[in-house]
Amino acid sequence: DAGYTLAVGRREFPHRRTVTGPDTGAVAAALQTRDPAHTHTAHTAHGSTPLVFLFSGQGSQHPRMAHDLYREEPHFRATVDECARILRPLLDTDIRDLLLTTPDPAQLDQTRWTQPALFVLEYALARLWLHWGITPTGMLGHSLGEWTAATLAGVFTLPDALRLVALRGQLMQDQAPGAMLNTMADRDEVEKALGPGLSLAAHNGPRDCVVSGPQEALDAFARTAREHGWPTQPLTTSHAFHSELMAPMVEEFTAAVAAAERRPPTLPFVSNVTGDWITPEQAQDPRYWGRHILATVEFAAGVLTAAHGPHTTLLEVGPGQTLRSLARRVLNGHEHPATTLNSLPHKRDPRTAVQTLHQTLGQLWLHGTTPDWDAYHADRNPRRIPLPTHPFHRKKHWL
């Protein structure tokens with residue numbers, strides 16, 4: 001009741017503070033001690049700010065990644081249930097088993113399951129943010145994440161998007177196995193060193209490239225990288241995404257996209273293929289979504305495009321904070337520094353998903369984004385109660 005009254009019964013001022021906690025006792029203690037783990041203060045000198053949703057790609061998944069939110073947030077739960085109902089006949093399984101429990105790790109890491117599971121989590125999480133009045137001015141996905149952005153933008157209907165994402169995951173699973181290697185070197189140097197059959201799968205930032213292709217060719221590239229002194233890290237994956245090993249699936253997938261209804265985007269989002277804002281023609285072209293499977297993910301260029309204006313906030317909508325970390329490196333020293341936030345905790349973060357989400361909602365408000373507080377509090381049936389006022393009462397004293 002106090003939180004609701006403060007949110008809807010006060011004018012907004014530049015100086016702002018939020019206090020969050022897992023229960024009322026923790027909030028009361030944080031109010032007294034100003035515990036930095038629960039209390040955040042900021043000064044917002046500007047009005048509404050650009051807000052960009054970042055949607056994670058494959059590799060960010062982990063067991064029980066939606067468990068807490070599903071249990072405690074009715075709007076999130078309803079969206080997950082809707083997606084699970086549509087996917088059931090397509091996957092012959094309940095996607096909620098992957099999102100809410102601790103499945104066999106080998107199952108969660110299979111592309112045919114991973115991609116629909118991540119899409120459902122990101123889509124339901126984005127719908128929750130929208131329900132709370134957190135509306136992006138733009139969006140940027142990483143590989144699979146662009147499908148979430150396109151669906152939220154209205155390019156595809158939800159049933160068509162789920163069908164296509166499930167097909168995409170299955171077709172990728174069926175391709176020849178391969179490997180991927182993260183390489184800390186400049187893009188030009190990496191591209192010159194690529195051997196036959198290898199591709200630059202992603203350019204994630206300065207000296208941050210992902211090379212993809214057959215295992216033997218990648219082993220040879222790793223030896224070259226060691227000779228040049230480039231640090232490398234193998235990615236945990238069974239296939240070489242965004243490489244020519246995916247080429248045999250492109251024709252079938254393009255035909256499936258062509259059979260689906262497509263509309264111009266109603267929300268702008270950045271293309272992985274170009275690193276620039278997608279055009280209505282590209283978004284509706286089935287061949288674009290075929291090229292999207294093979295092309296380099298131009299994430300670094302996409303971040304610079306999305307954060308072009310001043311005071312931009314980048315909000316990762318997915319498990320963990322991989323994209324937030326990548327974006328911070330891309331924008332380090334940039335003329336327009338951006339605020340970067342994550343919706344859910346890292347898998348080793350002791351905070352629950354709900355705690356992290358509420359802290360991030362507070363951070364968004366601190367940085368100039370105004371939520372729909374009535375929608376946020378709707379499921380809690382709050383009352384407005386008497387509270388002490390701010391000591392801003394001016395009195396005129398005539399001489």
# chains A, B, ... in the order shown; residues from 1 in each chain; ligands from 1
call {"tool": "closest_atom_pairs", "arguments": {"of": "segment 200-298 of chain A", "to": "segment 112-127 of chain A", "cutoff": "12 Å", "atoms": "only C-alpha atoms", "output": "Markdown table"}}
result
| residue | atom | partner | partner_atom | distance |
| --- | --- | --- | --- | --- |
| A:Thr237 | CA | A:Thr114 | CA | 11.2 |
| A:Ser238 | CA | A:Arg112 | CA | 11.6 |
| A:His239 | CA | A:Arg112 | CA | 11.7 |
call {"tool": "write_last_selection", "arguments": {"atoms": "N, CA, C and O atoms", "output": "compact mmCIF listing (two decimals), in the first residue's frame"}}
result
# COMPACT_ATOMS: atom_id res chain seq x y z
N THR A 237 28.60 -25.90 -27.71
CA THR A 237 27.59 -26.06 -28.76
C THR A 237 27.90 -27.31 -29.56
O THR A 237 29.07 -27.74 -29.65
N SER A 238 26.87 -27.90 -30.15
CA SER A 238 27.06 -29.11 -30.95
C SER A 238 27.12 -28.81 -32.44
O SER A 238 27.43 -29.68 -33.24
N HIS A 239 26.78 -27.57 -32.82
CA HIS A 239 26.69 -27.23 -34.24
C HIS A 239 27.41 -25.91 -34.51
O HIS A 239 27.68 -25.13 -33.59
call {"tool": "residues_around", "arguments": {"residues": "Leu54 of chain A", "least_positions_apart": "6", "cutoff": "6 Å", "atoms": "only C-alpha atoms", "output": "number ranges by chain"}}
result
A: 140-141, 315-317
call {"tool": "residues_around", "arguments": {"residues": "Leu171 of chain A", "least_positions_apart": "5", "cutoff": "12 Å", "atoms": "only C-alpha atoms", "output": "compact mmCIF listing (two decimals) with N, CA and C atoms, in the first residue's frame"}}
result
# COMPACT_ATOMS: atom_id res chain seq x y z
N GLN A 110 19.96 -29.20 -26.47
CA GLN A 110 19.67 -29.60 -27.84
C GLN A 110 18.94 -28.46 -28.54
N THR A 111 19.43 -28.09 -29.70
CA THR A 111 18.92 -26.92 -30.40
C THR A 111 17.41 -26.99 -30.65
N ARG A 112 16.90 -28.17 -30.92
CA ARG A 112 15.46 -28.31 -31.22
C ARG A 112 14.60 -27.92 -30.01
N TRP A 113 15.17 -28.04 -28.78
CA TRP A 113 14.45 -27.64 -27.57
C TRP A 113 14.86 -26.25 -27.11
N GLN A 115 15.89 -23.50 -28.69
CA GLN A 115 15.41 -22.30 -29.37
C GLN A 115 13.95 -21.98 -29.02
N LEU A 164 7.64 -21.45 -36.71
CA LEU A 164 8.88 -21.25 -37.45
C LEU A 164 10.11 -21.41 -36.56
N VAL A 165 10.03 -20.94 -35.32
CA VAL A 165 11.16 -21.11 -34.40
C VAL A 165 11.37 -22.60 -34.09
N ALA A 166 10.27 -23.34 -33.91
CA ALA A 166 10.40 -24.79 -33.66
C ALA A 166 11.01 -25.48 -34.88
N ALA A 176 24.85 -31.15 -40.14
CA ALA A 176 26.11 -31.79 -39.74
C ALA A 176 26.70 -31.09 -38.52
N HIS A 239 26.78 -27.57 -32.82
CA HIS A 239 26.69 -27.23 -34.24
C HIS A 239 27.41 -25.91 -34.51
N PHE A 241 26.71 -22.73 -35.91
CA PHE A 241 25.68 -21.79 -36.35
C PHE A 241 26.32 -20.65 -37.13
N LEU A 245 27.78 -24.75 -42.87
CA LEU A 245 27.21 -26.05 -42.49
C LEU A 245 25.69 -25.97 -42.31
N MET A 246 25.15 -24.75 -42.17
CA MET A 246 23.71 -24.57 -42.05
C MET A 246 23.03 -24.39 -43.42
N ALA A 247 23.82 -24.28 -44.48
CA ALA A 247 23.26 -23.97 -45.80
C ALA A 247 22.19 -24.96 -46.27
N PRO A 248 22.32 -26.29 -46.02
CA PRO A 248 21.31 -27.21 -46.55
C PRO A 248 19.88 -26.96 -46.05
N MET A 249 19.71 -26.23 -44.93
CA MET A 249 18.37 -26.01 -44.38
C MET A 249 17.71 -24.74 -44.90
N VAL A 250 18.48 -23.89 -45.56
CA VAL A 250 17.99 -22.55 -45.87
C VAL A 250 16.78 -22.58 -46.79
N GLU A 251 16.82 -23.39 -47.84
CA GLU A 251 15.73 -23.41 -48.81
C GLU A 251 14.42 -23.84 -48.16
N GLU A 252 14.45 -24.91 -47.36
CA GLU A 252 13.23 -25.38 -46.71
C GLU A 252 12.70 -24.34 -45.72
N PHE A 253 13.60 -23.72 -44.98
CA PHE A 253 13.14 -22.74 -43.99
C PHE A 253 12.58 -21.50 -44.69
N THR A 254 13.23 -21.05 -45.75
CA THR A 254 12.75 -19.88 -46.49
C THR A 254 11.34 -20.14 -47.03
N ALA A 256 9.13 -22.11 -45.72
CA ALA A 256 8.20 -22.10 -44.58
C ALA A 256 7.85 -20.66 -44.19
N ILE A 293 20.21 -16.93 -41.28
CA ILE A 293 20.76 -18.17 -40.72
C ILE A 293 22.26 -18.27 -40.97
call {"tool": "atom_distance", "arguments": {"atom1": "atom CA of Glu281 of chain A", "atom2": "atom CA of Cys83 of chain A"}}
result
27.5 Å
call {"tool": "residues_around", "arguments": {"residues": "Gln233 of chain A", "least_positions_apart": "3", "cutoff": "9 Å", "atoms": "only C-alpha atoms", "output": "list in words"}}
result
Met180, Leu181, Asn182, Thr183 and Met184 of chain A
call {"tool": "write_last_selection", "arguments": {"atoms": "N, CA and C atoms", "output": "PDB file, in the first residue's frame"}}
result
ATOM      1  N   MET A 180      32.250 -23.933 -32.539  1.00  0.00           N
ATOM      2  CA  MET A 180      32.364 -22.472 -32.560  1.00  0.00           C
ATOM      3  C   MET A 180      33.432 -22.057 -31.550  1.00  0.00           C
ATOM      4  N   LEU A 181      34.165 -21.006 -31.893  1.00  0.00           N
ATOM      5  CA  LEU A 181      35.297 -20.580 -31.070  1.00  0.00           C
ATOM      6  C   LEU A 181      35.258 -19.071 -30.899  1.00  0.00           C
ATOM      7  N   ASN A 182      35.197 -18.618 -29.645  1.00  0.00           N
ATOM      8  CA  ASN A 182      35.285 -17.191 -29.371  1.00  0.00           C
ATOM      9  C   ASN A 182      36.748 -16.761 -29.462  1.00  0.00           C
ATOM     10  N   THR A 183      37.005 -15.688 -30.221  1.00  0.00           N
ATOM     11  CA  THR A 183      38.377 -15.264 -30.488  1.00  0.00           C
ATOM     12  C   THR A 183      38.537 -13.787 -30.172  1.00  0.00           C
ATOM     13  N   MET A 184      39.479 -13.472 -29.283  1.00  0.00           N
ATOM     14  CA  MET A 184      39.710 -12.082 -28.879  1.00  0.00           C
ATOM     15  C   MET A 184      40.766 -11.466 -29.787  1.00  0.00           C
TER      16      MET A 184
END
call {"tool": "select_by_dssp", "arguments": {"residues": "segment 141-235 of chain A", "states": "strand (DSSP E)", "output": "JSON, numbers by chain"}}
result
{"A": [141, 179, 180, 181, 182, 183, 199, 200, 201, 202, 203, 204, 205, 208, 209, 210, 211, 212, 213, 232, 233, 234]}
call {"tool": "write_last_selection", "arguments": {"atoms": "N, CA and C atoms", "output": "PDB file, in the first residue's frame"}}
result
ATOM      1  N   GLY A 141      17.976  -8.049 -31.310  1.00  0.00           N
ATOM      2  CA  GLY A 141      18.168  -9.435 -30.886  1.00  0.00           C
ATOM      3  C   GLY A 141      19.524  -9.943 -31.336  1.00  0.00           C
ATOM      4  N   ALA A 179      31.548 -26.763 -34.716  1.00  0.00           N
ATOM      5  CA  ALA A 179      32.014 -26.151 -33.468  1.00  0.00           C
ATOM      6  C   ALA A 179      32.128 -24.645 -33.663  1.00  0.00           C
ATOM      7  N   MET A 180      32.250 -23.933 -32.539  1.00  0.00           N
ATOM      8  CA  MET A 180      32.364 -22.472 -32.560  1.00  0.00           C
ATOM      9  C   MET A 180      33.432 -22.057 -31.550  1.00  0.00           C
ATOM     10  N   LEU A 181      34.165 -21.006 -31.893  1.00  0.00           N
ATOM     11  CA  LEU A 181      35.297 -20.580 -31.070  1.00  0.00           C
ATOM     12  C   LEU A 181      35.258 -19.071 -30.899  1.00  0.00           C
ATOM     13  N   ASN A 182      35.197 -18.618 -29.645  1.00  0.00           N
ATOM     14  CA  ASN A 182      35.285 -17.191 -29.371  1.00  0.00           C
ATOM     15  C   ASN A 182      36.748 -16.761 -29.462  1.00  0.00           C
ATOM     16  N   THR A 183      37.005 -15.688 -30.221  1.00  0.00           N
ATOM     17  CA  THR A 183      38.377 -15.264 -30.488  1.00  0.00           C
ATOM     18  C   THR A 183      38.537 -13.787 -30.172  1.00  0.00           C
ATOM     19  N   SER A 199      33.654 -19.652 -41.033  1.00  0.00           N
ATOM     20  CA  SER A 199      32.890 -18.411 -41.190  1.00  0.00           C
ATOM     21  C   SER A 199      33.042 -17.568 -39.945  1.00  0.00           C
ATOM     22  N   LEU A 200      32.918 -16.247 -40.124  1.00  0.00           N
ATOM     23  CA  LEU A 200      32.800 -15.347 -38.973  1.00  0.00           C
ATOM     24  C   LEU A 200      31.331 -15.354 -38.575  1.00  0.00           C
ATOM     25  N   ALA A 201      31.007 -16.064 -37.493  1.00  0.00           N
ATOM     26  CA  ALA A 201      29.614 -16.229 -37.096  1.00  0.00           C
ATOM     27  C   ALA A 201      29.042 -14.978 -36.454  1.00  0.00           C
ATOM     28  N   ALA A 202      29.876 -14.266 -35.687  1.00  0.00           N
ATOM     29  CA  ALA A 202      29.377 -13.077 -34.989  1.00  0.00           C
ATOM     30  C   ALA A 202      30.525 -12.110 -34.739  1.00  0.00           C
ATOM     31  N   HIS A 203      30.210 -10.834 -34.853  1.00  0.00           N
ATOM     32  CA  HIS A 203      31.137  -9.782 -34.442  1.00  0.00           C
ATOM     33  C   HIS A 203      30.466  -9.062 -33.280  1.00  0.00           C
ATOM     34  N   ASN A 204      30.909  -9.374 -32.059  1.00  0.00           N
ATOM     35  CA  ASN A 204      30.227  -8.914 -30.856  1.00  0.00           C
ATOM     36  C   ASN A 204      30.802  -7.648 -30.252  1.00  0.00           C
ATOM     37  N   GLY A 205      31.953  -7.197 -30.753  1.00  0.00           N
ATOM     38  CA  GLY A 205      32.552  -5.994 -30.202  1.00  0.00           C
ATOM     39  C   GLY A 205      34.009  -5.900 -30.575  1.00  0.00           C
ATOM     40  N   ASP A 208      36.366  -9.048 -30.380  1.00  0.00           N
ATOM     41  CA  ASP A 208      35.417 -10.049 -29.868  1.00  0.00           C
ATOM     42  C   ASP A 208      34.686 -10.679 -31.051  1.00  0.00           C
ATOM     43  N   CYS A 209      35.243 -11.774 -31.557  1.00  0.00           N
ATOM     44  CA  CYS A 209      34.694 -12.443 -32.746  1.00  0.00           C
ATOM     45  C   CYS A 209      34.395 -13.901 -32.422  1.00  0.00           C
ATOM     46  N   VAL A 210      33.418 -14.464 -33.126  1.00  0.00           N
ATOM     47  CA  VAL A 210      33.088 -15.885 -33.002  1.00  0.00           C
ATOM     48  C   VAL A 210      33.296 -16.531 -34.370  1.00  0.00           C
ATOM     49  N   VAL A 211      34.133 -17.570 -34.406  1.00  0.00           N
ATOM     50  CA  VAL A 211      34.418 -18.308 -35.643  1.00  0.00           C
ATOM     51  C   VAL A 211      33.674 -19.633 -35.588  1.00  0.00           C
ATOM     52  N   SER A 212      33.135 -20.042 -36.743  1.00  0.00           N
ATOM     53  CA  SER A 212      32.253 -21.198 -36.776  1.00  0.00           C
ATOM     54  C   SER A 212      32.582 -22.074 -37.977  1.00  0.00           C
ATOM     55  N   GLY A 213      32.478 -23.407 -37.802  1.00  0.00           N
ATOM     56  CA  GLY A 213      32.713 -24.314 -38.919  1.00  0.00           C
ATOM     57  C   GLY A 213      33.017 -25.723 -38.457  1.00  0.00           C
ATOM     58  N   THR A 232      41.515 -17.532 -27.030  1.00  0.00           N
ATOM     59  CA  THR A 232      40.322 -18.176 -27.590  1.00  0.00           C
ATOM     60  C   THR A 232      39.584 -18.952 -26.506  1.00  0.00           C
ATOM     61  N   GLN A 233      38.306 -19.185 -26.746  1.00  0.00           N
ATOM     62  CA  GLN A 233      37.480 -19.953 -25.803  1.00  0.00           C
ATOM     63  C   GLN A 233      36.435 -20.722 -26.600  1.00  0.00           C
ATOM     64  N   PRO A 234      36.460 -22.080 -26.556  1.00  0.00           N
ATOM     65  CA  PRO A 234      35.433 -22.845 -27.270  1.00  0.00           C
ATOM     66  C   PRO A 234      34.048 -22.579 -26.674  1.00  0.00           C
TER      67      PRO A 234
END
call {"tool": "atom_distance", "arguments": {"atom1": "atom CA of His43 of chain A", "atom2": "atom CA of Arg17 of chain A"}}
result
8.8 Å
call {"tool": "select_by_dssp", "arguments": {"residues": "segment 181-376 of chain A", "states": "helix (DSSP H, G or I)", "output": "count of residues only"}}
result
86
call {"tool": "closest_residue", "arguments": {"among": "A:Leu90, A:Val52, A:Ala161, A:Ala37", "to": "Val257 of chain A", "atoms": "only C-alpha atoms"}}
result
A:Ala161
call {"tool": "atom_distance", "arguments": {"atom1": "atom CA of His336 of chain A", "atom2": "atom CA of His292 of chain A"}}
result
28.6 Å
call {"tool": "residues_around", "arguments": {"residues": "Asp379 of chain A", "least_positions_apart": "4", "cutoff": "9 Å", "atoms": "only C-alpha atoms", "output": "PyMOL selection string"}}
result
chain A and resi 73-74+375
call {"tool": "decode", "arguments": {"residues": "segment 32-53 of chain A", "atoms": "N, CA, C and O atoms", "output": "mmCIF file, in the first residue's frame"}}
result
data_model
loop_
_atom_site.group_PDB
_atom_site.id
_atom_site.type_symbol
_atom_site.label_atom_id
_atom_site.label_comp_id
_atom_site.auth_asym_id
_atom_site.auth_seq_id
_atom_site.Cartn_x
_atom_site.Cartn_y
_atom_site.Cartn_z
ATOM 1 N N GLN A 32 15.837 2.097 6.678
ATOM 2 C CA GLN A 32 16.583 2.641 7.813
ATOM 3 C C GLN A 32 18.081 2.707 7.554
ATOM 4 O O GLN A 32 18.744 3.675 7.911
ATOM 5 N N THR A 33 18.631 1.660 6.939
ATOM 6 C CA THR A 33 20.088 1.556 6.802
ATOM 7 C C THR A 33 20.597 2.056 5.456
ATOM 8 O O THR A 33 21.797 2.238 5.288
ATOM 9 N N ARG A 34 19.677 2.261 4.491
ATOM 10 C CA ARG A 34 20.064 2.600 3.112
ATOM 11 C C ARG A 34 21.056 1.578 2.561
ATOM 12 O O ARG A 34 22.051 1.915 1.894
ATOM 13 N N ASP A 35 20.792 0.320 2.826
ATOM 14 C CA ASP A 35 21.611 -0.792 2.343
ATOM 15 C C ASP A 35 21.754 -0.689 0.822
ATOM 16 O O ASP A 35 20.759 -0.736 0.091
ATOM 17 N N PRO A 36 22.985 -0.535 0.292
ATOM 18 C CA PRO A 36 23.165 -0.352 -1.149
ATOM 19 C C PRO A 36 22.711 -1.541 -1.983
ATOM 20 O O PRO A 36 22.508 -1.406 -3.192
ATOM 21 N N ALA A 37 22.560 -2.720 -1.348
ATOM 22 C CA ALA A 37 22.065 -3.867 -2.098
ATOM 23 C C ALA A 37 20.584 -3.728 -2.429
ATOM 24 O O ALA A 37 20.086 -4.362 -3.355
ATOM 25 N N HIS A 38 19.869 -2.907 -1.653
ATOM 26 C CA HIS A 38 18.421 -2.770 -1.842
ATOM 27 C C HIS A 38 17.976 -1.337 -2.124
ATOM 28 O O HIS A 38 16.821 -1.113 -2.487
ATOM 29 N N THR A 39 18.865 -0.381 -1.926
ATOM 30 C CA THR A 39 18.502 1.033 -2.074
ATOM 31 C C THR A 39 19.319 1.666 -3.185
ATOM 32 O O THR A 39 20.547 1.555 -3.196
ATOM 33 N N HIS A 40 18.630 2.304 -4.116
ATOM 34 C CA HIS A 40 19.322 2.941 -5.244
ATOM 35 C C HIS A 40 18.810 4.368 -5.408
ATOM 36 O O HIS A 40 17.605 4.616 -5.318
ATOM 37 N N THR A 41 19.730 5.290 -5.629
ATOM 38 C CA THR A 41 19.399 6.702 -5.739
ATOM 39 C C THR A 41 20.016 7.259 -7.012
ATOM 40 O O THR A 41 21.120 6.863 -7.397
ATOM 41 N N ALA A 42 19.299 8.163 -7.673
ATOM 42 C CA ALA A 42 19.826 8.757 -8.910
ATOM 43 C C ALA A 42 19.213 10.129 -9.110
ATOM 44 O O ALA A 42 18.198 10.482 -8.487
ATOM 45 N N HIS A 43 19.833 10.888 -9.999
ATOM 46 C CA HIS A 43 19.305 12.191 -10.398
ATOM 47 C C HIS A 43 19.048 12.136 -11.896
ATOM 48 O O HIS A 43 19.942 11.845 -12.695
ATOM 49 N N THR A 44 17.812 12.372 -12.293
ATOM 50 C CA THR A 44 17.416 12.323 -13.695
ATOM 51 C C THR A 44 17.157 13.735 -14.170
ATOM 52 O O THR A 44 16.125 14.338 -13.835
ATOM 53 N N ALA A 45 18.081 14.283 -14.962
ATOM 54 C CA ALA A 45 17.959 15.658 -15.413
ATOM 55 C C ALA A 45 17.192 15.780 -16.722
ATOM 56 O O ALA A 45 16.945 16.868 -17.201
ATOM 57 N N HIS A 46 16.818 14.640 -17.311
ATOM 58 C CA HIS A 46 16.136 14.653 -18.596
ATOM 59 C C HIS A 46 14.800 13.934 -18.466
ATOM 60 O O HIS A 46 14.546 13.219 -17.504
ATOM 61 N N GLY A 47 13.934 14.117 -19.451
ATOM 62 C CA GLY A 47 12.615 13.493 -19.425
ATOM 63 C C GLY A 47 12.693 12.043 -19.871
ATOM 64 O O GLY A 47 13.634 11.321 -19.539
ATOM 65 N N SER A 48 11.696 11.608 -20.621
ATOM 66 C CA SER A 48 11.670 10.227 -21.080
ATOM 67 C C SER A 48 12.883 9.943 -21.955
ATOM 68 O O SER A 48 13.344 10.790 -22.723
ATOM 69 N N THR A 49 13.418 8.730 -21.842
ATOM 70 C CA THR A 49 14.662 8.372 -22.523
ATOM 71 C C THR A 49 14.414 7.230 -23.498
ATOM 72 O O THR A 49 13.496 6.421 -23.304
ATOM 73 N N PRO A 50 15.252 7.118 -24.547
ATOM 74 C CA PRO A 50 15.134 5.963 -25.441
ATOM 75 C C PRO A 50 15.395 4.665 -24.682
ATOM 76 O O PRO A 50 16.302 4.590 -23.852
ATOM 77 N N LEU A 51 14.588 3.654 -24.974
ATOM 78 C CA LEU A 51 14.724 2.354 -24.315
ATOM 79 C C LEU A 51 14.776 1.265 -25.387
ATOM 80 O O LEU A 51 13.889 1.191 -26.240
ATOM 81 N N VAL A 52 15.809 0.435 -25.342
ATOM 82 C CA VAL A 52 15.996 -0.627 -26.327
ATOM 83 C C VAL A 52 15.989 -1.978 -25.619
ATOM 84 O O VAL A 52 16.727 -2.182 -24.655
ATOM 85 N N PHE A 53 15.136 -2.892 -26.087
ATOM 86 C CA PHE A 53 15.134 -4.269 -25.592
ATOM 87 C C PHE A 53 16.225 -5.056 -26.324
ATOM 88 O O PHE A 53 16.319 -5.003 -27.552
#
